[in-house]
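Q: So that we are looking at the same thing, I have put the structure below in structure tokens.
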Amino acid sequence: MKSQVLHEDNHLIIVNKQPSQIVQGDKTGDVPLVDLVKKYLKEKYNKPGEVFCGVVHRLDRPVSGLVVFARTSKALARMNDLVKTREIRKTYWAVVKNRPPDFEGHLTNYLVKNQQKNKSFVTDENAKGALRAEMKYRMVAKSNDYLLLEVDLLTGRHHQIRVQLAHIGCPVKGDLKYGFPRSNPAGSIHLHARKISFIHPVKKTELTITAPAPPDKLWTFFEQSV
């Protein structure tokens, strides 16, 4: 766990999630990242009893990258406010095989979530349950077979980047759910929460954290290319 911690202070702890990890418990029964963080804090600081660790936001299981946890209830409440007012800036890396229509773009769609399939779909603005989804992308590197897109997430909808990129014909590498033809090892996809930036909820200074991508050949190539 220690190697995954990218930032730690009295109020927040920011962790680099690996693709196979879940942030919170689910029906699989696998140990979630929040429990691993609690265990890490308990052991590091020799804390008696239950350790507080609030989940500020989540990442899908096959996605890697930055996850923010709050170490106090005050920090959690203030971070939740930043989430609601969209004052947390998130940048993702996405590897795709197909070239997008433009070198860079600003995508706005309306998405509806199908709970049974755990999948979101692009729909009409007036459809029942439709939510506005907005993001920007730009191509920043390419290999022989793949392109690296940098994505600025402007809203936080279910599977947003995955479904919006698939909608323009660019499903994320390994993402079978949204149309990529082949899976990645261990069910991962090449989507990585690369950078996060916000005003610290207590210190009131700007905090920007960048997460190294998972150690596979393609991610390593792109990290060295940018």
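A note on labels: chains of the structure tokens are A, B, ... as shown, every chain counts residues from 1, and ligands are counted from 1 in their shown order.
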Mind checking which residues fall within 12 Å of Asn118 (chain A), counting only C-alpha atoms, ignoring those fewer than 4 positions away in the same chain, and posting them as a list in words?
A: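 What passes the distance filter is Asp60, Val112, Lys113, Asn114, His158, His159, Val163, Lys177 and Tyr178 of chain A.
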Q: Just to be explicit: take each residue in the selection above, keep C-alpha atoms, and write the result as a PDB file, in the first residue's frame.
A:
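Result file follows (selection10.pdb):
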ATOM      1  CA  ASP A  60     -14.325   1.918 -12.145  1.00  0.00           C
ATOM      2  CA  VAL A 112     -28.685   7.422 -19.371  1.00  0.00           C
ATOM      3  CA  LYS A 113     -27.570   4.581 -17.093  1.00  0.00           C
ATOM      4  CA  ASN A 114     -28.938   1.046 -17.355  1.00  0.00           C
ATOM      5  CA  HIS A 158     -21.239   6.975 -14.901  1.00  0.00           C
ATOM      6  CA  HIS A 159     -18.647   5.507 -17.325  1.00  0.00           C
ATOM      7  CA  VAL A 163     -19.141   5.847 -23.415  1.00  0.00           C
ATOM      8  CA  LYS A 177     -18.247  -3.330 -22.607  1.00  0.00           C
ATOM      9  CA  TYR A 178     -18.046  -0.325 -24.919  1.00  0.00           C
TER      10      TYR A 178
END
Q: Residues of region 22-214 of chain A classed as helix (DSSP H, G or I) by DSSP on the backbone are to be reported as a PyMOL selection string.
A: chain A and resi 33-44+73-84+160-167+176-178+185-187
Q: Which one is closest to Glu206 (chain A): A:Val55, A:Arg89, A:Lys39, A:Glu50? Count only C-alpha atoms.
A: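 Using only C-alpha atoms, the shortest distance to Glu206 (chain A) belongs to A:Arg89.
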Q: Just give me the gap between CA of Leu131 (chain A) and CA of Val63 (chain A) in Å, one decimal is fine.
A: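 Rounded to one decimal, the two atoms are 22.0 Å apart.
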Q: Give me the residues near Ser73 (chain A) as a list in words, where near means some atom within 12 Å (using only C-alpha atoms) and where sequence neighbours in that chain fewer than 5 positions away do not count.
A: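 Selected residues are Asn10, His11, Leu12, Val51, Phe52, Cys53, Gly54, Val55, Val56, Arg78, Met79, Asn80, Pro201 and Val202 of chain A.
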Q: Take the selection from the previous step and output its residues with C-alpha atoms, as a PDB file, in the first residue's frame.
A:
ATOM      1  CA  ASN A  10      -3.457  15.335   8.220  1.00  0.00           C
ATOM      2  CA  HIS A  11      -6.578  15.832   6.126  1.00  0.00           C
ATOM      3  CA  LEU A  12      -6.218  13.884   2.865  1.00  0.00           C
ATOM      4  CA  VAL A  51      -9.746   4.650  11.484  1.00  0.00           C
ATOM      5  CA  PHE A  52     -11.743   7.288   9.607  1.00  0.00           C
ATOM      6  CA  CYS A  53     -11.307   7.220   5.831  1.00  0.00           C
ATOM      7  CA  GLY A  54     -13.934   8.912   3.680  1.00  0.00           C
ATOM      8  CA  VAL A  55     -14.290   8.169  -0.041  1.00  0.00           C
ATOM      9  CA  VAL A  56     -14.351  11.427  -2.008  1.00  0.00           C
ATOM     10  CA  ARG A  78     -15.419  20.157   2.184  1.00  0.00           C
ATOM     11  CA  MET A  79     -14.191  17.828  -0.579  1.00  0.00           C
ATOM     12  CA  ASN A  80     -17.784  16.796  -1.254  1.00  0.00           C
ATOM     13  CA  PRO A 201     -10.020  22.004   1.730  1.00  0.00           C
ATOM     14  CA  VAL A 202      -8.190  23.044   4.902  1.00  0.00           C
TER      15      VAL A 202
END
Q: Quick one: pull the distance between CA of Lys90 (chain A) and CA of His7 (chain A), Å, one decimal.
A: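 Answer for the CA of Lys90 (chain A) to CA of His7 (chain A) separation: 15.9 Å.
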Q: Just how far from CA of Thr28 (chain A) is CA of Gly49 (chain A), in Å to one decimal?
A: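 Pair CA of Gly49 (chain A) / CA of Thr28 (chain A) returns 26.2 Å.
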Q: Need to verify the contact set: region 143-151 of chain A, 12 Å, only C-alpha atoms, exclusion of same-chain residues closer than 6 positions in sequence. Can you return it as a ChimeraX atom specification?
A: /A:89-100,102-107,134-137,160-162,164-165,170-174,190-196,217-226
Q: Choose the residue, out of A:Gly187, A:Gly156, A:Gly179, A:Pro62, that has the smallest atom-to-atom separation from Val23 (chain A); count only C-alpha atoms.
A: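 Nearest candidate to Val23 (chain A) out of A:Gly187, A:Gly156, A:Gly179, A:Pro62: A:Pro62.
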Q: Determine which residues of region 126-171 of chain A DSSP labels as strand (DSSP E or B) from the backbone of this structure, then write them out as a ChimeraX atom specification.
A: /A:131-142,147-153
Q: For the residues in the current selection, export C-alpha atoms as a PDB file, in the first residue's frame.
A:
ATOM      1  CA  LEU A 131     -27.806  13.603 -17.682  1.00  0.00           C
ATOM      2  CA  ARG A 132     -25.573  16.078 -19.495  1.00  0.00           C
ATOM      3  CA  ALA A 133     -21.997  14.803 -19.948  1.00  0.00           C
ATOM      4  CA  GLU A 134     -19.192  17.085 -21.054  1.00  0.00           C
ATOM      5  CA  MET A 135     -15.471  16.564 -21.634  1.00  0.00           C
ATOM      6  CA  LYS A 136     -12.562  17.784 -23.748  1.00  0.00           C
ATOM      7  CA  TYR A 137      -9.947  15.601 -25.428  1.00  0.00           C
ATOM      8  CA  ARG A 138      -6.755  16.063 -27.431  1.00  0.00           C
ATOM      9  CA  MET A 139      -4.316  13.659 -29.056  1.00  0.00           C
ATOM     10  CA  VAL A 140      -0.937  13.885 -27.338  1.00  0.00           C
ATOM     11  CA  ALA A 141       1.059  10.872 -28.604  1.00  0.00           C
ATOM     12  CA  LYS A 142       0.900   7.854 -30.891  1.00  0.00           C
ATOM     13  CA  LEU A 147      -3.159   6.824 -29.894  1.00  0.00           C
ATOM     14  CA  LEU A 148      -2.940   8.503 -26.494  1.00  0.00           C
ATOM     15  CA  LEU A 149      -5.739  10.947 -25.744  1.00  0.00           C
ATOM     16  CA  GLU A 150      -5.624  13.381 -22.837  1.00  0.00           C
ATOM     17  CA  VAL A 151      -9.096  13.999 -21.472  1.00  0.00           C
ATOM     18  CA  ASP A 152     -10.296  16.839 -19.250  1.00  0.00           C
ATOM     19  CA  LEU A 153     -13.428  15.687 -17.468  1.00  0.00           C
TER      20      LEU A 153
END
Q: Using only C-alpha atoms, which of the listed residues (A:Leu207, A:Ser183, A:Ile13, A:Ser197) sits closest to Ala75 (chain A)?
A: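 Closest candidate: A:Ile13.
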Q: Which residue is closest to Lys44 (chain A)? Choose from A:Glu87, A:Pro101, A:Met1, A:Phe69 and count only C-alpha atoms.
A: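 Closest to Lys44 (chain A) of all the choices is A:Met1.
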Q: Give the answer as one residue: which of A:Ile14, A:Leu111, A:Ala130, A:Leu41 has the shortest atom-to-atom distance to His167 (chain A), using only C-alpha atoms?
A: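 The closest residue to His167 (chain A) is A:Leu111.
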Q: With only C-alpha atoms as the basis for distance, which of A:Leu6, A:Asn16, A:Pro212, A:Phe198 is at the shortest distance from Leu82 (chain A)?
A: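 For Leu82 (chain A), the nearest of the candidates is A:Phe198.
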Q: Excluding same-chain residues fewer than 2 positions from Arg61 (chain A), what lies within 7 Å of it counting only C-alpha atoms, as number ranges by chain?
A: A: 19-22, 59, 63
